[in-house]
Amino acid sequence: MATEYGQDYGRNPGPGFLGEGVEGRRHRLPAALRAPIEARSWKEFGYLMLSLPVGILMFTFAVTMVSVGAGLLITFLGIPVLAAALAGCRGFGALERARARGLLGLEVAAPEPLRVRKQGPMAWMGAMLKSGASWRHLLYAVLHFPWAVFAFVVAINFWAYGWAMLTYPLWFWVFPVYGGQGGLQLYGDESHRIYLDNPFEVTVTALLGLLLTLATPWIVRALTLVDRLLVHGLLGPSRLATRVVELESDRGVVIDTAAADLRRIERDLHDGAQARLVALAMDLGLAKEKLTEDPEAAARMVGEAHGEVKTALQELRDLARGIHPAVLTDRGLDAALSAVASRCTVPVQVEVDLPSRPAPAIEGIAYFTVSELLQNVSKHSRATRAYVDVWRVDNRLMLQVVDNGIGGADASAGSGLAGLAERLDAVDGILVVDSPVAGPTRITAELPWRVASGG
């Protein structure tokens with residue numbers, strides 16, 4: 001059932017779908033020629049130069065303190081020494097994160113804090129010794145030292161030899177003037193010596209220096225890649241701690257969303273059906289009083305009350321549909337989304353290609369996501385047609401809503417899209433908005449695929 005419109009705006013996003021169409025700043029020099037004079041290259045080189053003294057200091061502190069603490073474990077003094085060693089390593093870890101942030105541009109969050117359940121030094125020492133982050137900092141202090149020595153030696157040699165050979169034509173005159181030899185000595189023994197002293201040799205030396213100078217920033221960058229991995233893997237929060245923080249944030253979003261939904265339902269009941277039922281009770285009371293005096297007026301009032309009952313029932317049905325539509329429970333996403341599309345102010349083509357029904361919670365989130373996106377199409381897009389596509393890719397449920405309207409939708413501007421993105425994030429979902437000015441707008445949502453119980 002893929003029409004021409006579906007082929008244009010179906011599951012094959014254009015080049016701007018994830019923002020690849022935004023071009024970066026253009027440089028006149030290519031990256032290979034630009035690297036030796038870039039600030040980034042000099043910062044990375046400075047990082048490796050500082051790594052050696054910092055690595056020596058951390059390694060010496062860690063090995064000394066742990067050795068003393070381990071030797072004193074036969075007495076009580078070993079425990080506070082070990083705790084102090086771990087605390088010192090955490091302090092060095094903070095320094096390393098700051099150094100990586102300033103020179104490498106690497107943002108690494110601080111690890112999870114100590115969980116001291118009681119007051120007092122004993123509780124603090126116990127929490128320090130039980131902290132996995134503290135032992136990872138100690139491991140970093142030990143592993144970083146040999147790598148810092150290797151990286152320092154490689155970086156300083158390539159950098160020094162490259163620039164020295166590149167600038168050799170500028171300073172080779174020092175040898176005949178002050179050294180008593182023709183140039184830089186390349187080889188020498190008791191009977192024979194080779195100097196780089198003629199124009200050809202000087203030129204070749206400079207060309208080799210140019211090659212080394214151009215290659216050195218990339219070698220340094222490869223060396224700092226290992227440092228990035230060490231800092232990120234050992235000095236940052238663990239995956240479990242990061243996941244706990246994410247789940248706590250998601251739980252807050254879910255609670256806020258549920259509270260907002262409850263307030264909306266309460267407001268709708270109070271302002272809609274409840275108000276109508278109160279007015280209906282009053283009208284029936286008046287009709288009861290007029291039943292003997294003026295039967296015709298009483299009958300007319302009962303007829304009006306009957307109309308109010310129908311209106312209240314319709315409002316209750318609409319409210320129930322907003323909570324969880326019966327068609328979604330009975331017939332699934334295909335029928336439910338078709339019903340939503342039929343209420344949209346623009347023609348909407350719906351295509352649902354699912355092998356089975358997902359879990360009710362995921363199905364409900366998918367329904368309300370598409371419903372809210374189609375409401376945005378009706379209110380803001382000025383579109384003449386829209387397309388809804390739902391399919392499954394591995395363990396992800398994919399939703400895509402496309403319209404040919406004016407575009408300009410932005411999830412970061414505090415709009416309803418931002419709230420929708422937060423709701424999806426609460427269940428490990430993703431919302432991607434591609435809406436250039438003048439359109440079209442393509443909004444894709446991903447949800448985790450979870451099979452219904454018993455399915």
# chains A, B, ... in the order shown; residues from 1 in each chain; ligands from 1
>>> select_by_dssp(residues="stretch 66-237 of chain A", states="strand (DSSP E or B)", output="PyMOL selection string")
chain A and resi 184-188+193-196
>>> closest_residue(among="A:Ala70, A:Ala426, A:Leu29, A:Ala100", to="A:Gly236", atoms="only C-alpha atoms")
A:Ala100
>>> atom_distance(atom1="atom CA of A:Val149", atom2="atom CA of A:Leu211")
24.4 Å
>>> closest_residue(among="A:Ala339, A:Val142, A:Ala94, A:Ala35", to="A:Phe61", atoms="only C-alpha atoms")
A:Val142
>>> residues_around(residues="stretch 374-385 of chain A", least_positions_apart="4", cutoff="9 Å", atoms="only C-alpha atoms", output="ChimeraX atom specification")
/A:5,340-341,344-349,369-370,401-409,416,439-441
>>> closest_residue(among="A:Ile430, A:Val226, A:Ala438, A:Met282", to="A:His144", atoms="only C-alpha atoms")
A:Val226
>>> closest_residue(among="A:Trp42, A:Phe145, A:Tyr140, A:Phe76", to="A:Val54", atoms="only C-alpha atoms")
A:Phe145
